[in-house]
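input_5.pdb, holding PDB, C-alpha atoms:
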ATOM      1  CA  MET C   1     -19.510  14.854   7.946
ATOM      2  CA  SER C   2     -23.227  14.513   7.189
ATOM      3  CA  GLU C   3     -24.883  11.322   5.949
ATOM      4  CA  GLY C   4     -25.437  12.970   2.575
ATOM      5  CA  GLN C   5     -21.773  13.837   2.207
ATOM      6  CA  LYS C   6     -20.679  10.346   3.136
ATOM      7  CA  ARG C   7     -22.958   8.728   0.548
ATOM      8  CA  GLN C   8     -21.882  11.001  -2.295
ATOM      9  CA  ASN C   9     -20.355   9.722  -5.512
ATOM     10  CA  LYS C  10     -16.620   9.379  -4.791
ATOM     11  CA  LEU C  11     -15.472   8.302  -8.247
ATOM     12  CA  MET C  12     -12.585  10.414  -9.550
ATOM     13  CA  THR C  13      -9.382  10.115 -11.537
ATOM     14  CA  ALA C  14      -6.100   9.144  -9.937
ATOM     15  CA  GLU C  15      -4.792  12.634 -10.664
ATOM     16  CA  GLU C  16      -7.697  14.269  -8.838
ATOM     17  CA  ALA C  17      -7.547  11.869  -5.881
ATOM     18  CA  VAL C  18      -3.827  12.422  -5.329
ATOM     19  CA  ARG C  19      -4.072  16.204  -5.638
ATOM     20  CA  ARG C  20      -6.955  16.310  -3.189
ATOM     21  CA  TYR C  21      -5.805  13.845  -0.532
ATOM     22  CA  VAL C  22      -2.001  13.455  -0.686
ATOM     23  CA  SER C  23       0.106  16.384   0.473
ATOM     24  CA  ASP C  24       3.848  16.888   0.812
ATOM     25  CA  GLY C  25       5.018  15.632   4.197
ATOM     26  CA  ALA C  26       2.096  13.209   4.534
ATOM     27  CA  LEU C  27       2.100  10.034   6.623
ATOM     28  CA  VAL C  28       1.000   7.484   4.011
ATOM     29  CA  GLY C  29      -0.392   4.040   4.838
ATOM     30  CA  MET C  30       0.414   1.532   2.097
ATOM     31  CA  GLY C  31      -1.924  -1.385   1.419
ATOM     32  CA  GLY C  32      -1.225  -4.630  -0.367
ATOM     33  CA  GLN C  33       1.452  -7.092   0.634
ATOM     34  CA  SER C  34       4.757  -7.808  -1.125
ATOM     35  CA  ILE C  35       3.830  -8.538  -4.770
ATOM     36  CA  GLY C  36       0.075  -8.672  -4.238
ATOM     37  CA  ARG C  37      -2.607  -6.022  -4.731
ATOM     38  CA  SER C  38      -0.518  -2.871  -4.570
ATOM     39  CA  ALA C  39      -2.311   0.274  -5.832
ATOM     40  CA  MET C  40       0.347   1.020  -8.458
ATOM     41  CA  CYS C  41      -1.869   3.384 -10.454
ATOM     42  CA  ILE C  42      -2.128   5.705  -7.444
ATOM     43  CA  TYR C  43       1.570   5.526  -6.609
ATOM     44  CA  HIS C  44       2.496   6.300 -10.229
ATOM     45  CA  GLU C  45       0.383   9.437  -9.969
ATOM     46  CA  MET C  46       2.027  10.422  -6.681
ATOM     47  CA  ILE C  47       5.378  10.099  -8.408
ATOM     48  CA  ARG C  48       4.265  12.153 -11.427
ATOM     49  CA  GLN C  49       3.065  14.874  -9.062
ATOM     50  CA  ARG C  50       6.351  14.634  -7.123
ATOM     51  CA  LYS C  51       4.744  14.309  -3.716
ATOM     52  CA  LYS C  52       7.720  14.546  -1.360
ATOM     53  CA  ASP C  53       8.971  14.416   2.225
ATOM     54  CA  LEU C  54       6.729  11.386   2.779
ATOM     55  CA  THR C  55       6.611   8.919   5.653
ATOM     56  CA  LEU C  56       5.519   5.487   4.395
ATOM     57  CA  VAL C  57       4.064   2.924   6.807
ATOM     58  CA  GLY C  58       2.767  -0.628   6.433
ATOM     59  CA  CYS C  59       3.752  -4.275   6.828
ATOM     60  CA  ASN C  60       5.807  -5.188   3.755
ATOM     61  CA  LEU C  61       6.547  -2.070   1.731
ATOM     62  CA  SER C  62       7.535  -3.258  -1.717
ATOM     63  CA  ILE C  63       7.927  -1.926  -5.249
ATOM     64  CA  PRO C  64       6.060   1.439  -5.001
ATOM     65  CA  MET C  65       7.936   2.323  -1.813
ATOM     66  CA  ASP C  66      11.227   1.462  -3.527
ATOM     67  CA  MET C  67      10.377   3.687  -6.497
ATOM     68  CA  MET C  68       9.577   6.680  -4.300
ATOM     69  CA  VAL C  69      12.672   6.165  -2.151
ATOM     70  CA  GLY C  70      14.837   5.926  -5.276
ATOM     71  CA  LEU C  71      13.496   9.303  -6.411
ATOM     72  CA  GLY C  72      14.207  10.937  -3.046
ATOM     73  CA  LEU C  73      10.534  11.511  -2.223
ATOM     74  CA  VAL C  74      10.599   9.669   1.129
ATOM     75  CA  ARG C  75      12.186  10.802   4.374
ATOM     76  CA  ARG C  76      11.101   7.922   6.625
ATOM     77  CA  THR C  77       9.691   4.398   6.565
ATOM     78  CA  GLU C  78       8.145   2.358   9.380
ATOM     79  CA  CYS C  79       7.428  -1.258   8.488
ATOM     80  CA  GLY C  80       7.981  -4.960   8.998
ATOM     81  CA  THR C  81      10.190  -5.322   5.936
ATOM     82  CA  GLY C  82      10.868  -4.162   2.391
ATOM     83  CA  ASN C  83      11.120  -6.817  -0.303
ATOM     84  CA  LEU C  84       9.615  -8.328  -3.428
ATOM     85  CA  GLU C  85       9.584 -11.902  -2.138
ATOM     86  CA  ARG C  86      11.318 -14.224  -4.641
ATOM     87  CA  PHE C  87      12.413 -11.230  -6.717
ATOM     88  CA  GLY C  88      14.684 -10.031  -3.929
ATOM     89  CA  THR C  89      15.129  -7.062  -1.674
ATOM     90  CA  THR C  90      14.023  -3.507  -2.438
ATOM     91  CA  HIS C  91      17.354  -2.192  -3.699
ATOM     92  CA  SER C  92      16.716   1.577  -3.616
ATOM     93  CA  TRP C  93      15.416   1.312  -0.048
ATOM     94  CA  ARG C  94      18.364  -0.763   1.139
ATOM     95  CA  LYS C  95      20.911   1.559  -0.461
ATOM     96  CA  ALA C  96      19.231   4.662   0.977
ATOM     97  CA  ILE C  97      19.337   3.195   4.495
ATOM     98  CA  GLU C  98      22.959   2.096   4.126
ATOM     99  CA  GLN C  99      23.947   5.559   2.866
ATOM    100  CA  GLY C 100      22.125   7.351   5.686
ATOM    101  CA  LYS C 101      19.694   9.058   3.290
ATOM    102  CA  LEU C 102      16.571   7.482   4.766
ATOM    103  CA  VAL C 103      15.319   6.955   8.316
ATOM    104  CA  ASN C 104      13.813   3.506   8.814
ATOM    105  CA  GLU C 105      12.126   2.127  11.921
ATOM    106  CA  ASP C 106      11.836  -1.666  12.156
ATOM    107  CA  TYR C 107       8.743  -3.331  13.579
ATOM    108  CA  SER C 108       7.259  -6.774  13.102
ATOM    109  CA  HIS C 109       4.213  -7.227  10.883
ATOM    110  CA  LEU C 110       2.061  -7.932  13.939
ATOM    111  CA  ALA C 111       3.427  -4.835  15.662
ATOM    112  CA  MET C 112       2.417  -2.671  12.691
ATOM    113  CA  VAL C 113      -1.107  -4.097  12.693
ATOM    114  CA  THR C 114      -1.270  -3.449  16.448
ATOM    115  CA  ARG C 115      -0.243   0.168  15.931
ATOM    116  CA  PHE C 116      -2.978   0.657  13.324
ATOM    117  CA  LEU C 117      -5.460  -0.994  15.686
ATOM    118  CA  GLY C 118      -4.554   1.553  18.348
ATOM    119  CA  GLY C 119      -5.129   4.350  15.868
ATOM    120  CA  GLU C 120      -8.461   2.857  14.848
ATOM    121  CA  MET C 121      -9.578   2.750  18.487
ATOM    122  CA  GLY C 122      -8.500   6.314  19.205
ATOM    123  CA  LEU C 123      -5.830   5.229  21.695
ATOM    124  CA  PRO C 124      -2.352   6.781  21.988
ATOM    125  CA  PHE C 125      -0.652   3.388  22.289
ATOM    126  CA  MET C 126      -1.290  -0.354  22.287
ATOM    127  CA  ALA C 127       0.161  -3.199  24.335
ATOM    128  CA  ILE C 128       1.924  -6.188  22.782
ATOM    129  CA  GLN C 129       4.126  -8.999  24.082
ATOM    130  CA  SER C 130       5.383 -10.684  20.898
ATOM    131  CA  LEU C 131       8.351  -8.286  20.609
ATOM    132  CA  LEU C 132       9.791  -9.255  23.991
ATOM    133  CA  GLY C 133      13.204 -10.866  23.545
ATOM    134  CA  SER C 134      13.491  -9.794  19.915
ATOM    135  CA  ASP C 135      16.282  -7.774  18.316
ATOM    136  CA  ILE C 136      13.718  -5.132  17.400
ATOM    137  CA  LEU C 137      13.704  -3.970  21.029
ATOM    138  CA  ALA C 138      17.481  -4.206  21.219
ATOM    139  CA  LYS C 139      17.880  -1.463  18.624
ATOM    140  CA  LYS C 140      17.654   2.194  19.508
ATOM    141  CA  ALA C 141      15.056   4.344  17.810
ATOM    142  CA  ALA C 142      16.122   5.504  14.373
ATOM    143  CA  SER C 143      15.094   9.054  15.283
ATOM    144  CA  THR C 144      14.790  11.207  18.376
ATOM    145  CA  GLY C 145      11.279   9.852  19.014
ATOM    146  CA  LYS C 146      10.624   6.978  21.420
ATOM    147  CA  LYS C 147      10.024   3.652  19.666
ATOM    148  CA  TYR C 148       8.412   1.751  22.559
ATOM    149  CA  GLU C 149       7.996   1.579  26.329
ATOM    150  CA  ILE C 150       8.242  -1.562  28.475
ATOM    151  CA  ILE C 151       6.095  -1.663  31.623
ATOM    152  CA  ASP C 152       4.972  -4.186  34.229
ATOM    153  CA  ASN C 153       1.535  -5.685  33.727
ATOM    154  CA  PRO C 154      -0.512  -3.938  36.466
ATOM    155  CA  TRP C 155      -2.598  -7.112  36.987
ATOM    156  CA  ASN C 156       0.323  -9.530  36.986
ATOM    157  CA  PRO C 157       3.431  -7.984  38.614
ATOM    158  CA  GLY C 158       6.673  -9.201  37.062
ATOM    159  CA  GLU C 159       5.120  -9.795  33.655
ATOM    160  CA  LYS C 160       6.425  -7.351  31.022
ATOM    161  CA  VAL C 161       4.341  -5.616  28.365
ATOM    162  CA  VAL C 162       5.550  -3.533  25.418
ATOM    163  CA  LEU C 163       3.668  -0.329  24.593
ATOM    164  CA  LEU C 164       3.779   0.791  20.952
ATOM    165  CA  PRO C 165       2.730   4.211  19.613
ATOM    166  CA  SER C 166      -0.500   4.131  17.597
ATOM    167  CA  LEU C 167      -0.605   5.158  13.948
ATOM    168  CA  ASN C 168      -3.125   7.423  12.198
ATOM    169  CA  PRO C 169      -2.092   7.891   8.554
ATOM    170  CA  ASP C 170      -2.987  11.155   6.863
ATOM    171  CA  VAL C 171      -4.009   9.029   3.903
ATOM    172  CA  SER C 172      -3.992   5.304   3.164
ATOM    173  CA  ILE C 173      -3.893   3.837  -0.319
ATOM    174  CA  ILE C 174      -5.173   0.404  -1.314
ATOM    175  CA  HIS C 175      -6.306  -1.578  -4.354
ATOM    176  CA  ALA C 176      -9.506  -3.649  -4.251
ATOM    177  CA  GLN C 177     -11.220  -6.046  -6.583
ATOM    178  CA  LYS C 178     -14.545  -4.202  -6.479
ATOM    179  CA  ALA C 179     -16.077  -0.977  -5.179
ATOM    180  CA  ASP C 180     -19.274   0.949  -5.711
ATOM    181  CA  GLU C 181     -19.368   4.670  -6.421
ATOM    182  CA  THR C 182     -19.865   5.602  -2.757
ATOM    183  CA  GLY C 183     -16.823   3.618  -1.544
ATOM    184  CA  ASN C 184     -18.134   0.276  -0.327
ATOM    185  CA  LEU C 185     -15.254  -2.162  -0.925
ATOM    186  CA  ILE C 186     -15.092  -5.853  -1.735
ATOM    187  CA  ILE C 187     -11.593  -7.241  -1.146
ATOM    188  CA  GLU C 188     -10.980 -10.912  -1.838
ATOM    189  CA  GLY C 189      -8.029 -12.978  -0.666
ATOM    190  CA  PHE C 190      -5.570 -11.710   1.924
ATOM    191  CA  LEU C 191      -6.280  -8.588   3.966
ATOM    192  CA  ALA C 192      -3.115  -8.277   6.099
ATOM    193  CA  HIS C 193      -3.139  -4.912   7.916
ATOM    194  CA  GLU C 194      -5.579  -3.090   5.658
ATOM    195  CA  PRO C 195      -8.845  -3.129   7.669
ATOM    196  CA  GLU C 196      -7.159  -1.654  10.756
ATOM    197  CA  MET C 197      -5.105   0.791   8.684
ATOM    198  CA  ILE C 198      -8.129   2.039   6.749
ATOM    199  CA  ARG C 199     -10.192   2.629   9.865
ATOM    200  CA  ALA C 200      -7.278   4.480  11.498
ATOM    201  CA  SER C 201      -6.746   6.861   8.545
ATOM    202  CA  LYS C 202      -7.881  10.414   8.045
ATOM    203  CA  ALA C 203      -8.454   9.798   4.309
ATOM    204  CA  VAL C 204      -8.470   6.688   2.121
ATOM    205  CA  ILE C 205      -7.893   6.404  -1.637
ATOM    206  CA  VAL C 206      -9.005   3.148  -3.247
ATOM    207  CA  SER C 207      -8.285   2.005  -6.778
ATOM    208  CA  CYS C 208     -10.315  -0.935  -8.027
ATOM    209  CA  GLU C 209     -10.610  -3.404 -10.864
ATOM    210  CA  GLU C 210     -14.356  -3.033 -11.187
ATOM    211  CA  VAL C 211     -17.030  -0.548 -10.131
ATOM    212  CA  VAL C 212     -20.234  -2.376  -9.254
ATOM    213  CA  PRO C 213     -23.737  -0.954  -8.701
ATOM    214  CA  SER C 214     -24.679  -0.053  -5.146
ATOM    215  CA  ASP C 215     -27.683  -2.360  -5.566
ATOM    216  CA  GLU C 216     -25.268  -5.285  -5.803
ATOM    217  CA  ILE C 217     -23.589  -4.190  -2.580
ATOM    218  CA  ARG C 218     -26.955  -4.012  -0.818
ATOM    219  CA  GLN C 219     -28.005  -7.391  -2.215
ATOM    220  CA  TYR C 220     -24.923  -9.142  -0.800
ATOM    221  CA  PRO C 221     -23.918  -7.038   2.246
ATOM    222  CA  GLU C 222     -21.854  -9.863   3.743
ATOM    223  CA  ARG C 223     -19.323  -9.454   0.917
ATOM    224  CA  THR C 224     -18.502  -5.858   1.850
ATOM    225  CA  THR C 225     -15.058  -5.753   3.456
ATOM    226  CA  ILE C 226     -14.967  -2.015   4.187
ATOM    227  CA  PRO C 227     -18.072   0.245   4.209
ATOM    228  CA  TYR C 228     -18.250   3.568   2.418
ATOM    229  CA  VAL C 229     -17.907   5.700   5.572
ATOM    230  CA  TYR C 230     -14.133   5.100   5.653
ATOM    231  CA  VAL C 231     -13.416   5.816   1.975
ATOM    232  CA  SER C 232     -12.628   9.244   0.519
ATOM    233  CA  ALA C 233     -11.989   8.503  -3.172
ATOM    234  CA  VAL C 234     -12.598   5.641  -5.615
ATOM    235  CA  VAL C 235     -10.460   5.352  -8.740
ATOM    236  CA  HIS C 236     -11.613   2.852 -11.365
ATOM    237  CA  GLN C 237      -8.478   1.384 -12.935
ATOM    238  CA  PRO C 238      -8.524  -2.139 -14.383
ATOM    239  CA  TRP C 239      -5.072  -3.731 -14.059
ATOM    240  CA  GLY C 240      -4.311  -0.957 -11.580
ATOM    241  CA  ALA C 241      -2.048  -3.165  -9.436
ATOM    242  CA  HIS C 242       0.307  -4.200 -12.253
ATOM    243  CA  PRO C 243       2.987  -5.581 -11.978
ATOM    244  CA  THR C 244       1.683  -7.012  -8.677
ATOM    245  CA  SER C 245      -1.121  -9.569  -8.586
ATOM    246  CA  VAL C 246      -4.814  -9.304  -7.750
ATOM    247  CA  TYR C 247      -6.518 -12.445  -6.463
ATOM    248  CA  ARG C 248      -9.102 -13.836  -8.907
ATOM    249  CA  CYS C 249      -8.087 -11.229 -11.516
ATOM    250  CA  TYR C 250      -4.441 -11.739 -12.613
ATOM    251  CA  THR C 251      -1.062 -12.968 -11.418
ATOM    252  CA  HIS C 252       2.012 -10.817 -10.883
ATOM    253  CA  ASP C 253       4.096  -9.966 -13.944
ATOM    254  CA  ALA C 254       7.402 -11.749 -13.256
ATOM    255  CA  GLU C 255       9.015 -10.410 -16.416
ATOM    256  CA  HIS C 256       8.344  -6.802 -15.477
ATOM    257  CA  MET C 257       9.320  -7.383 -11.849
ATOM    258  CA  ARG C 258      12.737  -8.548 -13.040
ATOM    259  CA  GLU C 259      13.045  -5.538 -15.346
ATOM    260  CA  TYR C 260      12.392  -3.164 -12.456
ATOM    261  CA  GLN C 261      14.708  -5.036 -10.101
ATOM    262  CA  LYS C 262      17.533  -4.889 -12.631
ATOM    263  CA  ALA C 263      17.115  -1.109 -12.954
ATOM    264  CA  ALA C 264      16.858  -0.593  -9.186
ATOM    265  CA  ARG C 265      19.905  -2.774  -8.520
ATOM    266  CA  GLU C 266      22.025  -0.821 -11.007
ATOM    267  CA  GLY C 267      20.628   2.516  -9.857
ATOM    268  CA  GLY C 268      21.736   5.800 -11.413
ATOM    269  CA  GLU C 269      20.973   6.118 -15.117
ATOM    270  CA  ALA C 270      19.326   2.681 -15.320
ATOM    271  CA  PHE C 271      16.843   3.560 -12.588
ATOM    272  CA  GLU C 272      16.181   7.000 -14.061
ATOM    273  CA  ALA C 273      15.593   5.481 -17.504
ATOM    274  CA  TYR C 274      13.042   3.035 -16.101
ATOM    275  CA  MET C 275      11.144   5.799 -14.293
ATOM    276  CA  GLU C 276      11.159   8.033 -17.366
ATOM    277  CA  LYS C 277       9.966   5.265 -19.685
ATOM    278  CA  TYR C 278       7.202   3.848 -17.534
ATOM    279  CA  ILE C 279       6.009   6.763 -15.389
ATOM    280  CA  PHE C 280       7.157  10.284 -16.279
ATOM    281  CA  SER C 281       6.602   9.891 -20.022
ATOM    282  CA  CYS C 282       3.106   8.464 -19.429
ATOM    283  CA  ALA C 283       0.171  10.830 -18.985
ATOM    284  CA  ASN C 284      -1.733   8.187 -17.032
ATOM    285  CA  PHE C 285      -1.716   4.523 -16.023
ATOM    286  CA  ASP C 286      -3.424   3.398 -19.230
ATOM    287  CA  GLU C 287      -0.418   4.613 -21.213
ATOM    288  CA  TYR C 288       1.856   2.688 -18.873
ATOM    289  CA  LEU C 289      -0.200  -0.472 -19.398
ATOM    290  CA  GLU C 290       0.233  -0.202 -23.141
ATOM    291  CA  LYS C 291       3.983   0.148 -22.766
ATOM    292  CA  VAL C 292       4.313  -2.955 -20.611
ATOM    293  CA  GLY C 293       2.602  -5.270 -23.054
ATOM    294  CA  GLY C 294      -1.005  -4.399 -23.745
ATOM    295  CA  LEU C 295      -3.920  -6.797 -24.116
ATOM    296  CA  ARG C 296      -1.914  -9.897 -25.020
ATOM    297  CA  LYS C 297       0.087  -9.748 -21.785
ATOM    298  CA  TYR C 298      -2.993  -8.995 -19.677
ATOM    299  CA  ASN C 299      -4.855 -11.982 -21.077
ATOM    300  CA  ARG C 300      -1.880 -14.219 -20.262
ATOM    301  CA  LEU C 301      -1.690 -12.975 -16.665
ATOM    302  CA  ARG C 302      -5.442 -13.452 -16.284
ATOM    303  CA  GLN C 303      -5.239 -16.992 -17.663
ATOM    304  CA  GLU C 304      -2.423 -17.808 -15.242
ATOM    305  CA  MET C 305      -4.666 -16.742 -12.369
ATOM    306  CA  VAL C 306      -7.524 -18.873 -13.701
ATOM    307  CA  GLU C 307      -5.199 -21.893 -13.816
ATOM    308  CA  LEU C 308      -4.101 -21.269 -10.228
ATOM    309  CA  LEU C 309      -7.703 -21.189  -9.071
TER     310      LEU C 309
END
Show the structure stored in the file as structure tokens.
Amino acid sequence: MSEGQKRQNKLMTAEEAVRRYVSDGALVGMGGQSIGRSAMCIYHEMIRQRKKDLTLVGCNLSIPMDMMVGLGLVRRTECGTGNLERFGTTHSWRKAIEQGKLVNEDYSHLAMVTRFLGGEMGLPFMAIQSLLGSDILAKKAASTGKKYEIIDNPWNPGEKVVLLPSLNPDVSIIHAQKADETGNLIIEGFLAHEPEMIRASKAVIVSCEEVVPSDEIRQYPERTTIPYVYVSAVVHQPWGAHPTSVYRCYTHDAEHMREYQKAAREGGEAFEAYMEKYIFSCANFDEYLEKVGGLRKYNRLRQEMVELL
């Protein structure tokens, strides 16, 4: 890729970004953490386009993963956990695993970050010791592939080291507070596994609350979390992480979280009705935002964040 291509304007709609960079059967890296900064506007579009046979990887795969699993679009997950923190487990995911409809491979959060780090560095595997003695190593691989390898430390005989396979997602999806049109990202608050995951990925789609001028990026280069060279598409979508939170922008929407959890717990017609109302009947994420409460709700969630700060 030439310098000119890398610095091109990468702004596009969610529909265009998903059609261009997410294919059926893709290994998808999921950014955000639990109920914070999940790129819901991109995942809604993936669902509308019925991207299927997906493998989803990350640390804590939460509400978007659960939606896609509930619709039968996912064949495999590899993660540290799946939950919505105080709102409970991810019900569709749990039921799919219990019913044998989904392959899941358990790793710790640190192990997942280590795997992305290996991918970032171009290595086939990475060494870790934190899994030694854990139940994660006591379980057999959930598929025919090898989950790990334990070897002796060549420089300290008798000391054990766990080797984990590296990860290189076909596409990773994150939500940021700010980005410029070329893909320079400013992420505030937690980062979790995202820097390593982004640098390990073949393509990266970023949705953001605000698009800022490139001059602002150049004026304050120390604020840039991820440079443009790693980013493939930028989607400008204010409130694009709803119902999850975005640090300094808005808190999570507890009311809507409970509404989704109720539908996912009941499953069947209740789950289908939720998906039809909030995703399939909406042409885009702006229509969804109107359905979940509009400006009055957004102002309340923003004020709650201001009070927390």
note - atom CA of C:Thr244 and atom CA of C:Val206 are separated by 15.7 Å
Neighbours of C:Leu11 within 7 Å (all atoms listed in the file; same-chain residues fewer than 5 positions away dropped), as a PDB file with C-alpha atoms, in the coordinates of the input?
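The result, stored in around.pdb:
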ATOM      1  CA  GLU C 181     -19.368   4.670  -6.421  1.00  0.00           C
ATOM      2  CA  ALA C 233     -11.989   8.503  -3.172  1.00  0.00           C
ATOM      3  CA  VAL C 234     -12.598   5.641  -5.615  1.00  0.00           C
ATOM      4  CA  VAL C 235     -10.460   5.352  -8.740  1.00  0.00           C
TER       5      VAL C 235
END
Practice task
Evaluate the PyMOL selection byres ((chain C and resi 139-153) around 9) and record the selected residues as number ranges by chain, following the chain and residue labels used in the document.
Solution key: C: 103-106, 135-138, 154-165
One decimal place gives the atom CA of C:Trp93-atom CA of C:Thr114 separation as 23.9 Å
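With distances restricted to all atoms listed in the file, C:Leu117 is the closest residue to C:His193 from C:Leu117, C:Arg300, C:Glu222, C:Met126.
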Which residues fall under the PyMOL selection byres ((chain C and resi 113) around 12) in this file, as a compact mmCIF listing (two decimals) with C-alpha atoms, in the coordinates of the input?
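After the write, selection_20.txt holds the following:
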# COMPACT_ATOMS: atom_id res chain seq x y z
CA GLY C 29 -0.39 4.04 4.84
CA GLY C 31 -1.92 -1.38 1.42
CA VAL C 57 4.06 2.92 6.81
CA GLY C 58 2.77 -0.63 6.43
CA CYS C 59 3.75 -4.28 6.83
CA ASN C 60 5.81 -5.19 3.76
CA GLU C 78 8.14 2.36 9.38
CA CYS C 79 7.43 -1.26 8.49
CA GLY C 80 7.98 -4.96 9.00
CA TYR C 107 8.74 -3.33 13.58
CA SER C 108 7.26 -6.77 13.10
CA HIS C 109 4.21 -7.23 10.88
CA LEU C 110 2.06 -7.93 13.94
CA ALA C 111 3.43 -4.84 15.66
CA MET C 112 2.42 -2.67 12.69
CA THR C 114 -1.27 -3.45 16.45
CA ARG C 115 -0.24 0.17 15.93
CA PHE C 116 -2.98 0.66 13.32
CA LEU C 117 -5.46 -0.99 15.69
CA GLY C 118 -4.55 1.55 18.35
CA GLY C 119 -5.13 4.35 15.87
CA GLU C 120 -8.46 2.86 14.85
CA MET C 126 -1.29 -0.35 22.29
CA ALA C 127 0.16 -3.20 24.34
CA ILE C 128 1.92 -6.19 22.78
CA LEU C 164 3.78 0.79 20.95
CA PRO C 165 2.73 4.21 19.61
CA SER C 166 -0.50 4.13 17.60
CA LEU C 167 -0.60 5.16 13.95
CA ASN C 168 -3.12 7.42 12.20
CA LEU C 191 -6.28 -8.59 3.97
CA ALA C 192 -3.12 -8.28 6.10
CA HIS C 193 -3.14 -4.91 7.92
CA GLU C 194 -5.58 -3.09 5.66
CA PRO C 195 -8.85 -3.13 7.67
CA GLU C 196 -7.16 -1.65 10.76
CA MET C 197 -5.11 0.79 8.68
CA ILE C 198 -8.13 2.04 6.75
CA ARG C 199 -10.19 2.63 9.86
CA ALA C 200 -7.28 4.48 11.50
Near-C:Asn184 list (9 Å; only C-alpha atoms; drop same-chain fewer than 2 positions) as a VMD selection string:
chain C and resid 178 to 182 186 214 217 224 to 231
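Minimum atom-to-atom distances from C:Leu185, C:Cys249, C:Ala203, C:Ala270 to C:Glu216 were compared using only C-alpha atoms, and the lowest value belongs to C:Leu185.
Within the file as shown, the PyMOL selection byres ((chain C and resi 243) around 6) identifies His242, Thr244, His252 and Asp253 of chain C.
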Would you export the selected residues with C-alpha atoms as an mmCIF file, in the frame of the given file, please?
data_model
loop_
_atom_site.group_PDB
_atom_site.id
_atom_site.type_symbol
_atom_site.label_atom_id
_atom_site.label_comp_id
_atom_site.auth_asym_id
_atom_site.auth_seq_id
_atom_site.Cartn_x
_atom_site.Cartn_y
_atom_site.Cartn_z
ATOM 1 C CA HIS C 242 0.307 -4.200 -12.253
ATOM 2 C CA THR C 244 1.683 -7.012 -8.677
ATOM 3 C CA HIS C 252 2.012 -10.817 -10.883
ATOM 4 C CA ASP C 253 4.096 -9.966 -13.944
#
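Atom CA of C:Gln33 sits 10.7 Å away from atom CA of C:Val246.
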With distances taken over all atoms listed in the file, the candidate from C:Leu84, C:Val74, C:Ala241, C:Ala26 nearest C:Ile97 is C:Val74
| field | Neighbour list for C:Thr13 as a PyMOL selection string, cut-off 12 Å, all atoms listed in the file, skip fewer than 4 positions in-chain | value | chain C and resi 17-20+41-42+45+205-208+233-237+284-286
Dig up all the protein and nucleic acid residues within 12 Å of (5.0, -9.5, -12.2) in the file frame, using all atoms listed in the file, and format them as an mmCIF file with C-alpha atoms, keeping the file's coordinate frame.
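Output (out.cif):
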data_model
loop_
_atom_site.group_PDB
_atom_site.id
_atom_site.type_symbol
_atom_site.label_atom_id
_atom_site.label_comp_id
_atom_site.auth_asym_id
_atom_site.auth_seq_id
_atom_site.Cartn_x
_atom_site.Cartn_y
_atom_site.Cartn_z
ATOM 1 C CA SER C 34 4.757 -7.808 -1.125
ATOM 2 C CA ILE C 35 3.830 -8.538 -4.770
ATOM 3 C CA GLY C 36 0.075 -8.672 -4.238
ATOM 4 C CA ARG C 37 -2.607 -6.022 -4.731
ATOM 5 C CA SER C 38 -0.518 -2.871 -4.570
ATOM 6 C CA ILE C 63 7.927 -1.926 -5.249
ATOM 7 C CA LEU C 84 9.615 -8.328 -3.428
ATOM 8 C CA GLU C 85 9.584 -11.902 -2.138
ATOM 9 C CA ARG C 86 11.318 -14.224 -4.641
ATOM 10 C CA PHE C 87 12.413 -11.230 -6.717
ATOM 11 C CA TRP C 239 -5.072 -3.731 -14.059
ATOM 12 C CA ALA C 241 -2.048 -3.165 -9.436
ATOM 13 C CA HIS C 242 0.307 -4.200 -12.253
ATOM 14 C CA PRO C 243 2.987 -5.581 -11.978
ATOM 15 C CA THR C 244 1.683 -7.012 -8.677
ATOM 16 C CA SER C 245 -1.121 -9.569 -8.586
ATOM 17 C CA VAL C 246 -4.814 -9.304 -7.750
ATOM 18 C CA TYR C 250 -4.441 -11.739 -12.613
ATOM 19 C CA THR C 251 -1.062 -12.968 -11.418
ATOM 20 C CA HIS C 252 2.012 -10.817 -10.883
ATOM 21 C CA ASP C 253 4.096 -9.966 -13.944
ATOM 22 C CA ALA C 254 7.402 -11.749 -13.256
ATOM 23 C CA GLU C 255 9.015 -10.410 -16.416
ATOM 24 C CA HIS C 256 8.344 -6.802 -15.477
ATOM 25 C CA MET C 257 9.320 -7.383 -11.849
ATOM 26 C CA ARG C 258 12.737 -8.548 -13.040
ATOM 27 C CA GLU C 259 13.045 -5.538 -15.346
ATOM 28 C CA TYR C 260 12.392 -3.164 -12.456
ATOM 29 C CA GLN C 261 14.708 -5.036 -10.101
ATOM 30 C CA VAL C 292 4.313 -2.955 -20.611
ATOM 31 C CA GLY C 293 2.602 -5.270 -23.054
ATOM 32 C CA LYS C 297 0.087 -9.748 -21.785
ATOM 33 C CA TYR C 298 -2.993 -8.995 -19.677
ATOM 34 C CA ARG C 300 -1.880 -14.219 -20.262
ATOM 35 C CA LEU C 301 -1.690 -12.975 -16.665
ATOM 36 C CA ARG C 302 -5.442 -13.452 -16.284
ATOM 37 C CA GLU C 304 -2.423 -17.808 -15.242
#
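Nearest-residue note for C:Val22: choosing from C:Ile173, C:Leu132, C:Leu61, C:Leu102, the minimum distance belongs to C:Ile173, counting all atoms listed in the file.
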